[in-house]
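Undergrad: My structure is stored as coords07.cif, with mmCIF, C-alpha atoms.
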```cif
data_data
loop_
_atom_site.group_PDB
_atom_site.id
_atom_site.type_symbol
_atom_site.label_atom_id
_atom_site.label_comp_id
_atom_site.auth_asym_id
_atom_site.auth_seq_id
_atom_site.Cartn_x
_atom_site.Cartn_y
_atom_site.Cartn_z
ATOM 1 C CA MET D 664 -13.677 -11.979 -18.469
ATOM 2 C CA ALA D 665 -14.976 -13.123 -15.076
ATOM 3 C CA GLU D 666 -11.428 -12.837 -13.674
ATOM 4 C CA GLN D 667 -11.276 -9.147 -14.630
ATOM 5 C CA HIS D 668 -14.674 -8.548 -13.027
ATOM 6 C CA ASP D 669 -13.535 -10.355 -9.848
ATOM 7 C CA ASP D 670 -10.388 -8.226 -9.699
ATOM 8 C CA ALA D 671 -12.410 -5.023 -10.051
ATOM 9 C CA ALA D 672 -14.727 -6.108 -7.238
ATOM 10 C CA ASP D 673 -11.800 -7.263 -5.084
ATOM 11 C CA PHE D 674 -10.022 -3.948 -5.427
ATOM 12 C CA ALA D 675 -13.028 -1.670 -5.091
ATOM 13 C CA ALA D 676 -12.132 0.688 -2.275
ATOM 14 C CA ILE D 677 -14.390 0.740 0.750
ATOM 15 C CA ASN D 678 -16.124 4.124 0.678
ATOM 16 C CA THR D 679 -18.945 5.714 2.605
ATOM 17 C CA PRO D 680 -22.181 5.230 0.644
ATOM 18 C CA GLY D 681 -23.240 8.426 -1.087
ATOM 19 C CA TYR D 682 -19.887 10.166 -0.557
ATOM 20 C CA LYS D 683 -18.453 11.787 -3.667
ATOM 21 C CA PRO D 684 -15.004 13.358 -3.440
ATOM 22 C CA ALA D 685 -14.754 16.998 -4.442
ATOM 23 C CA ALA D 686 -12.844 18.019 -7.549
ATOM 24 C CA GLY D 687 -9.071 18.121 -7.039
ATOM 25 C CA LYS D 688 -7.379 21.399 -6.215
ATOM 26 C CA THR D 689 -3.901 22.761 -6.788
ATOM 27 C CA LEU D 690 -1.511 23.487 -3.921
ATOM 28 C CA ASP D 691 -2.106 27.220 -4.313
ATOM 29 C CA GLU D 692 -5.878 26.711 -4.144
ATOM 30 C CA TYR D 693 -5.513 24.695 -0.926
ATOM 31 C CA ARG D 694 -3.180 27.314 0.590
ATOM 32 C CA THR D 695 -5.673 30.155 0.034
ATOM 33 C CA LEU D 696 -8.841 28.151 0.757
ATOM 34 C CA ASP D 697 -10.775 29.631 3.702
ATOM 35 C CA ALA D 698 -7.789 31.626 4.961
ATOM 36 C CA GLY D 699 -9.617 32.758 8.138
ATOM 37 C CA ASP D 700 -10.665 29.278 9.336
ATOM 38 C CA GLU D 701 -8.371 28.204 12.238
ATOM 39 C CA SER D 702 -9.185 24.486 12.112
ATOM 40 C CA LEU D 703 -8.653 24.447 8.346
ATOM 41 C CA ALA D 704 -5.353 26.294 8.828
ATOM 42 C CA ARG D 705 -4.232 23.539 11.256
ATOM 43 C CA TRP D 706 -5.309 20.851 8.755
ATOM 44 C CA LYS D 707 -3.380 22.591 5.968
ATOM 45 C CA ALA D 708 -0.310 22.860 8.218
ATOM 46 C CA SER D 709 -0.539 19.118 8.982
ATOM 47 C CA LEU D 710 -0.422 18.490 5.237
ATOM 48 C CA GLY D 711 2.582 20.759 4.849
ATOM 49 C CA LEU D 712 0.636 23.435 2.988
ATOM 50 C CA ASP D 713 1.942 26.277 5.118
ATOM 51 C CA GLY D 714 4.647 27.270 2.649
ATOM 52 C CA ALA D 715 5.865 23.869 1.429
ATOM 53 C CA GLY D 716 7.576 23.691 -1.952
ATOM 54 C CA ALA D 717 5.884 22.130 -4.931
ATOM 55 C CA GLY D 718 8.393 19.268 -5.251
ATOM 56 C CA ASP D 719 9.587 17.562 -8.435
ATOM 57 C CA SER D 720 6.694 17.599 -10.903
ATOM 58 C CA SER D 721 8.606 15.410 -13.390
ATOM 59 C CA LEU D 722 7.877 12.447 -11.087
ATOM 60 C CA PRO D 723 4.489 10.911 -10.298
ATOM 61 C CA LYS D 724 2.776 12.540 -7.302
ATOM 62 C CA LEU D 725 3.203 9.348 -5.258
ATOM 63 C CA THR D 726 5.971 6.756 -5.592
ATOM 64 C CA VAL D 727 5.706 3.428 -3.764
ATOM 65 C CA LEU D 728 9.204 2.428 -2.650
ATOM 66 C CA SER D 729 8.932 -0.860 -0.748
ATOM 67 C CA LEU D 730 6.862 -3.344 1.212
ATOM 68 C CA GLU D 731 8.549 -4.915 4.226
ATOM 69 C CA LEU D 732 7.464 -7.857 6.375
ATOM 70 C CA THR D 733 8.774 -7.781 9.944
ATOM 71 C CA SER D 734 8.371 -10.337 12.710
ATOM 72 C CA PRO D 735 9.850 -10.835 16.175
ATOM 73 C CA SER D 736 10.496 -14.482 15.193
ATOM 74 C CA LEU D 737 12.395 -13.602 12.008
ATOM 75 C CA PRO D 738 15.973 -14.939 12.339
ATOM 76 C CA GLU D 739 18.469 -12.282 13.423
ATOM 77 C CA GLY D 740 19.961 -10.400 10.500
ATOM 78 C CA ARG D 741 17.243 -11.510 8.059
ATOM 79 C CA THR D 742 14.947 -8.981 6.443
ATOM 80 C CA ILE D 743 12.088 -9.382 3.998
ATOM 81 C CA LYS D 744 11.804 -6.237 1.938
ATOM 82 C CA LEU D 745 10.319 -6.033 -1.552
ATOM 83 C CA ASP D 746 11.862 -3.237 -3.643
ATOM 84 C CA LEU D 747 8.927 -1.896 -5.646
ATOM 85 C CA THR D 748 10.780 0.796 -7.580
ATOM 86 C CA ASP D 749 12.261 -1.617 -10.127
ATOM 87 C CA PRO D 750 9.859 -3.214 -12.680
ATOM 88 C CA ALA D 751 12.246 -6.184 -13.139
ATOM 89 C CA LYS D 752 12.128 -6.933 -9.405
ATOM 90 C CA ARG D 753 8.333 -6.645 -9.363
ATOM 91 C CA GLU D 754 8.264 -9.188 -12.205
ATOM 92 C CA TYR D 755 10.611 -11.449 -10.182
ATOM 93 C CA TYR D 756 8.266 -11.382 -7.161
ATOM 94 C CA LYS D 757 5.427 -12.787 -9.306
ATOM 95 C CA SER D 758 7.058 -16.214 -9.572
ATOM 96 C CA ASN D 759 9.515 -16.316 -6.638
ATOM 97 C CA PRO D 760 7.580 -16.664 -3.369
ATOM 98 C CA VAL D 761 8.541 -14.918 -0.163
ATOM 99 C CA GLN D 762 8.753 -17.714 2.425
ATOM 100 C CA VAL D 763 7.287 -17.037 5.868
ATOM 101 C CA GLN D 764 6.789 -19.167 8.971
ATOM 102 C CA GLU D 765 3.329 -20.480 9.757
ATOM 103 C CA GLY D 766 1.731 -18.960 12.854
ATOM 104 C CA ALA D 767 4.327 -16.186 13.134
ATOM 105 C CA ALA D 768 3.191 -12.731 14.215
ATOM 106 C CA TYR D 769 4.100 -10.174 11.574
ATOM 107 C CA LYS D 770 3.654 -6.624 10.386
ATOM 108 C CA ALA D 771 3.589 -5.353 6.824
ATOM 109 C CA ILE D 772 5.051 -1.867 6.382
ATOM 110 C CA ILE D 773 4.819 0.144 3.184
ATOM 111 C CA THR D 774 7.248 2.940 2.344
ATOM 112 C CA TYR D 775 6.242 5.638 -0.138
ATOM 113 C CA LYS D 776 7.073 9.196 -1.082
ATOM 114 C CA ILE D 777 4.943 12.178 -2.077
ATOM 115 C CA ASN D 778 6.986 13.890 -4.796
ATOM 116 C CA HIS D 779 4.859 16.960 -5.544
ATOM 117 C CA SER D 780 1.438 18.515 -5.132
ATOM 118 C CA ILE D 781 -0.949 16.768 -2.738
ATOM 119 C CA VAL D 782 -2.343 13.234 -2.565
ATOM 120 C CA THR D 783 -5.620 12.769 -0.705
ATOM 121 C CA GLY D 784 -6.894 9.547 0.786
ATOM 122 C CA ALA D 785 -4.030 7.292 -0.277
ATOM 123 C CA ARG D 786 -4.693 3.684 0.675
ATOM 124 C CA TYR D 787 -3.163 0.224 0.370
ATOM 125 C CA ILE D 788 -5.339 -2.665 -0.834
ATOM 126 C CA GLN D 789 -4.185 -6.286 -0.876
ATOM 127 C CA VAL D 790 -6.007 -9.431 -1.996
ATOM 128 C CA ILE D 791 -4.546 -12.854 -1.138
ATOM 129 C CA LYS D 792 -5.859 -15.939 -2.959
ATOM 130 C CA ARG D 793 -5.204 -19.655 -2.815
ATOM 131 C CA SER D 794 -7.702 -22.138 -4.151
ATOM 132 C CA ILE D 795 -11.033 -21.094 -2.597
ATOM 133 C CA VAL D 796 -9.409 -18.946 0.106
ATOM 134 C CA LYS D 797 -9.541 -15.210 -0.495
ATOM 135 C CA GLU D 798 -8.771 -12.391 1.934
ATOM 136 C CA LYS D 799 -8.840 -8.641 1.357
ATOM 137 C CA VAL D 800 -6.949 -6.094 3.424
ATOM 138 C CA GLU D 801 -7.382 -2.346 3.086
ATOM 139 C CA ALA D 802 -5.393 0.224 5.045
ATOM 140 C CA MET D 803 -5.468 4.012 4.915
ATOM 141 C CA LEU D 804 -2.120 5.687 4.258
ATOM 142 C CA GLY D 805 -3.446 9.261 4.516
ATOM 143 C CA SER D 806 -3.384 12.638 2.776
ATOM 144 C CA TYR D 807 -0.068 14.417 2.300
ATOM 145 C CA SER D 808 1.700 17.103 0.335
ATOM 146 C CA ALA D 809 5.190 16.897 -1.158
ATOM 147 C CA ASP D 810 7.935 15.849 1.234
ATOM 148 C CA PRO D 811 11.553 15.001 0.405
ATOM 149 C CA ASN D 812 11.480 12.283 3.084
ATOM 150 C CA PRO D 813 9.812 8.906 2.514
ATOM 151 C CA ARG D 814 6.872 7.973 4.732
ATOM 152 C CA THR D 815 6.207 4.546 6.256
ATOM 153 C CA THR D 816 2.862 3.141 7.307
ATOM 154 C CA GLU D 817 2.068 -0.158 8.990
ATOM 155 C CA VAL D 818 -0.687 -1.658 6.856
ATOM 156 C CA ILE D 819 -1.068 -5.096 8.470
ATOM 157 C CA SER D 820 -0.475 -6.465 11.972
ATOM 158 C CA ASP D 821 -1.527 -10.103 12.148
ATOM 159 C CA GLU D 822 -0.375 -13.722 12.344
ATOM 160 C CA PHE D 823 0.270 -15.992 9.390
ATOM 161 C CA PRO D 824 -2.132 -18.955 9.322
ATOM 162 C CA SER D 825 -0.798 -22.281 10.551
ATOM 163 C CA GLY D 826 -1.419 -25.973 10.041
ATOM 164 C CA MET D 827 -1.041 -28.403 7.197
ATOM 165 C CA ILE D 828 -3.958 -26.954 5.214
ATOM 166 C CA ALA D 829 -2.622 -23.381 5.523
ATOM 167 C CA ARG D 830 0.874 -24.243 4.301
ATOM 168 C CA GLY D 831 1.493 -23.556 0.620
ATOM 169 C CA THR D 832 1.865 -20.733 -1.878
ATOM 170 C CA TYR D 833 -0.589 -17.841 -2.040
ATOM 171 C CA ASN D 834 -0.989 -15.337 -4.886
ATOM 172 C CA VAL D 835 -1.056 -11.754 -3.676
ATOM 173 C CA LYS D 836 -2.171 -8.661 -5.594
ATOM 174 C CA SER D 837 -1.457 -5.290 -4.048
ATOM 175 C CA LYS D 838 -2.359 -1.726 -5.044
ATOM 176 C CA VAL D 839 -1.882 1.791 -3.794
ATOM 177 C CA ILE D 840 -4.699 4.112 -4.836
ATOM 178 C CA ASP D 841 -6.033 7.488 -3.723
ATOM 179 C CA LEU D 842 -9.443 8.938 -2.995
ATOM 180 C CA ASP D 843 -9.937 9.875 -6.637
ATOM 181 C CA GLY D 844 -9.347 6.251 -7.685
ATOM 182 C CA LYS D 845 -5.920 7.039 -9.178
ATOM 183 C CA GLU D 846 -3.828 3.883 -9.123
ATOM 184 C CA TRP D 847 -0.231 4.726 -8.160
ATOM 185 C CA LEU D 848 1.120 1.181 -8.280
ATOM 186 C CA ASP D 849 -0.213 -2.331 -8.584
ATOM 187 C CA TRP D 850 1.909 -5.437 -8.339
ATOM 188 C CA GLU D 851 1.617 -9.175 -7.890
ATOM 189 C CA TRP D 852 3.739 -11.346 -5.645
ATOM 190 C CA GLN D 853 3.674 -14.734 -3.978
ATOM 191 C CA LEU D 854 3.757 -15.714 -0.338
ATOM 192 C CA LYS D 855 4.746 -19.221 0.742
ATOM 193 C CA ILE D 856 3.667 -20.302 4.224
ATOM 194 C CA ALA D 857 6.055 -22.984 5.470
ATOM 195 C CA LYS D 858 7.157 -24.610 8.734
ATOM 196 C CA THR D 859 10.190 -22.318 8.984
ATOM 197 C CA TRP D 860 11.410 -18.972 7.731
#
```
Rewrite the structure of this file - the entire thing - as structure tokens.
TA:
Amino acid sequence: MAEQHDDAADFAAINTPGYKPAAGKTLDEYRTLDAGDESLARWKASLGLDGAGAGDSSLPKLTVLSLELTSPSLPEGRTIKLDLTDPAKREYYKSNPVQVQEGAAYKAIITYKINHSIVTGARYIQVIKRSIVKEKVEAMLGSYSADPNPRTTEVISDEFPSGMIARGTYNVKSKVIDLDGKEWLDWEWQLKIAKTW
């Protein structure tokens, strides 16, 4: 019971106190909203609301495709990319750690696709735990309308910890949610910090 409470607290999105998102709108409502407002027209164009198609409504509005770890010290020809579209692979990542090199600079890049309608305030949240160590990362992905092309966003730019105490396997829980609290994907994986890649 306490574990579930901890998870809820860990994954609570950071929001401005007192802010309450407005009720969701359809694409047509957004297109016709305040038609004479120039700044709003530019915002709608940036979201692709200036005549964009509705997309494939048989799919979820947002599909998370992959999470990739890149590093300048990664051996040539080696990539670390988690395919998040396949439930069997997500299950595999729970018990098969991704090995990384201690102290290495790295970036985490998420790839996702907006299939239809509009998603507002999409964000990536990650909680890493090992023993008493816990770290939370939250990164904004943005607000977008349907697009046939996948989008990529760098969600972390950091260095892996180093030293004997830092080496070991960490449990990682990741989620992609939106401003309305809709959870588009959550998955667990493991990260093993070692002396080498």
Undergrad: Mind running segment 730-755 of chain D against segment 818-822 of chain D at 12 Å and telling me each contacting residue's nearest atom pair with the distance in Å (one decimal), counting all atoms listed in the file, chain and number ascending, as a tab-separated table?
TA:
```
residue	atom	partner	partner_atom	distance
D:Leu730	CA	D:Val818	CA	9.6
D:Glu731	CA	D:Val818	CA	10.1
D:Leu732	CA	D:Ile819	CA	9.2
D:Thr733	CA	D:Ser820	CA	9.6
D:Ser734	CA	D:Glu822	CA	9.4
D:Pro735	CA	D:Glu822	CA	11.3
D:Ser736	CA	D:Glu822	CA	11.3
```
Undergrad: For a quick check of understanding, using only C-alpha atoms, which of D:Val763, D:Leu703, D:Lys724, D:Gly718 has the smallest distance to Pro738 of chain D?
TA: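 When distances to Pro738 of chain D are compared using only C-alpha atoms, the smallest one comes from D:Val763.
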Undergrad: Using atom CA of Ile856 of chain D and atom CA of Leu747 of chain D as the two end points, give the distance in Å to one decimal.
TA: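 Between atom CA of Ile856 of chain D and atom CA of Leu747 of chain D the gap is 21.5 Å.
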Undergrad: To verify the selection step, state as a list of chain:residue names which residues the PyMOL selection byres ((chain D and resi 764) around 6) yields on this input.
TA: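 So the PyMOL selection byres ((chain D and resi 764) around 6), applied here, picks out D:Val763, D:Glu765, D:Ala767, D:Ile856, D:Ala857, D:Lys858, D:Thr859, D:Trp860.
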Undergrad: To one decimal place in Å, what is the distance between atom CA of Gly784 of chain D and atom CA of Pro813 of chain D?
TA: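 Calculated distance between atom CA of Gly784 of chain D and atom CA of Pro813 of chain D is 16.8 Å.
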Undergrad: Nearest to Leu854 of chain D among D:Arg705, D:Lys799, D:Arg830, D:Lys770, with distances taken over only C-alpha atoms: which residue is it?
TA: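 Smallest separation from Leu854 of chain D among the options: D:Arg830.
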Undergrad: Nearest to Lys845 of chain D among D:Ala704, D:Val782, D:Val790, D:Ile743, with distances taken over all atoms listed in the file: which residue is it?
TA: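 Using all atoms listed in the file, Lys845 of chain D sits closest to D:Val782.
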Undergrad: Skipping near chain neighbours, those fewer than 6 positions away, what residues fall within 7 Å of Arg814 of chain D using only C-alpha atoms, listed as an MDAnalysis selection string?
TA: chainID D and resid 774:776
Undergrad: As an exercise, work out the distance from atom CA of Ala785 of chain D to atom CA of Asp843 of chain D in Å and give it to one decimal place.
TA: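 Calculated distance between atom CA of Ala785 of chain D and atom CA of Asp843 of chain D is 9.1 Å.
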Undergrad: Any chance you could resolve the PyMOL selection byres ((chain D and resi 836) around 12) against this file and give the residues as a PDB file with C-alpha atoms, in the coordinates of the input?
TA:
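Result saved to out_33.pdb:
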```pdb
ATOM      1  CA  ASP D 670     -10.388  -8.226  -9.699  1.00  0.00           C
ATOM      2  CA  ALA D 671     -12.410  -5.023 -10.051  1.00  0.00           C
ATOM      3  CA  ASP D 673     -11.800  -7.263  -5.084  1.00  0.00           C
ATOM      4  CA  PHE D 674     -10.022  -3.948  -5.427  1.00  0.00           C
ATOM      5  CA  ARG D 753       8.333  -6.645  -9.363  1.00  0.00           C
ATOM      6  CA  TYR D 756       8.266 -11.382  -7.161  1.00  0.00           C
ATOM      7  CA  LYS D 757       5.427 -12.787  -9.306  1.00  0.00           C
ATOM      8  CA  TYR D 787      -3.163   0.224   0.370  1.00  0.00           C
ATOM      9  CA  ILE D 788      -5.339  -2.665  -0.834  1.00  0.00           C
ATOM     10  CA  GLN D 789      -4.185  -6.286  -0.876  1.00  0.00           C
ATOM     11  CA  VAL D 790      -6.007  -9.431  -1.996  1.00  0.00           C
ATOM     12  CA  ILE D 791      -4.546 -12.854  -1.138  1.00  0.00           C
ATOM     13  CA  LYS D 792      -5.859 -15.939  -2.959  1.00  0.00           C
ATOM     14  CA  ARG D 793      -5.204 -19.655  -2.815  1.00  0.00           C
ATOM     15  CA  LYS D 797      -9.541 -15.210  -0.495  1.00  0.00           C
ATOM     16  CA  GLU D 798      -8.771 -12.391   1.934  1.00  0.00           C
ATOM     17  CA  LYS D 799      -8.840  -8.641   1.357  1.00  0.00           C
ATOM     18  CA  VAL D 800      -6.949  -6.094   3.424  1.00  0.00           C
ATOM     19  CA  GLU D 801      -7.382  -2.346   3.086  1.00  0.00           C
ATOM     20  CA  TYR D 833      -0.589 -17.841  -2.040  1.00  0.00           C
ATOM     21  CA  ASN D 834      -0.989 -15.337  -4.886  1.00  0.00           C
ATOM     22  CA  VAL D 835      -1.056 -11.754  -3.676  1.00  0.00           C
ATOM     23  CA  SER D 837      -1.457  -5.290  -4.048  1.00  0.00           C
ATOM     24  CA  LYS D 838      -2.359  -1.726  -5.044  1.00  0.00           C
ATOM     25  CA  VAL D 839      -1.882   1.791  -3.794  1.00  0.00           C
ATOM     26  CA  LEU D 848       1.120   1.181  -8.280  1.00  0.00           C
ATOM     27  CA  ASP D 849      -0.213  -2.331  -8.584  1.00  0.00           C
ATOM     28  CA  TRP D 850       1.909  -5.437  -8.339  1.00  0.00           C
ATOM     29  CA  GLU D 851       1.617  -9.175  -7.890  1.00  0.00           C
ATOM     30  CA  TRP D 852       3.739 -11.346  -5.645  1.00  0.00           C
ATOM     31  CA  GLN D 853       3.674 -14.734  -3.978  1.00  0.00           C
ATOM     32  CA  LEU D 854       3.757 -15.714  -0.338  1.00  0.00           C
TER      33      LEU D 854
END
```
Undergrad: So which residues get picked by the PyMOL selection byres ((chain D and resi 748-751) around 9) here, written as a PyMOL selection string?
TA: chain D and resi 726-729+746-747+752-756
Undergrad: Ranking D:Glu739, D:Ile773, D:Ser825, D:Pro760 by minimum distance to Met803 of chain D and counting only C-alpha atoms, which one comes first?
TA: D:Ile773
Undergrad: Please determine, counting all atoms listed in the file, which residue among D:Ser794, D:Ser806, D:Thr742, D:Ser780 has the shortest atom-to-atom distance to Pro723 of chain D.
TA: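 Going through D:Ser794, D:Ser806, D:Thr742, D:Ser780 one by one, the smallest distance to Pro723 of chain D is for D:Ser780.
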Undergrad: Point out the residue among D:Ala708, D:Asn759, D:Ser702, D:Ala771 with the least atom-to-atom distance to Phe823 of chain D, counting only C-alpha atoms.
TA: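 Using only C-alpha atoms, the shortest distance to Phe823 of chain D belongs to D:Ala771.
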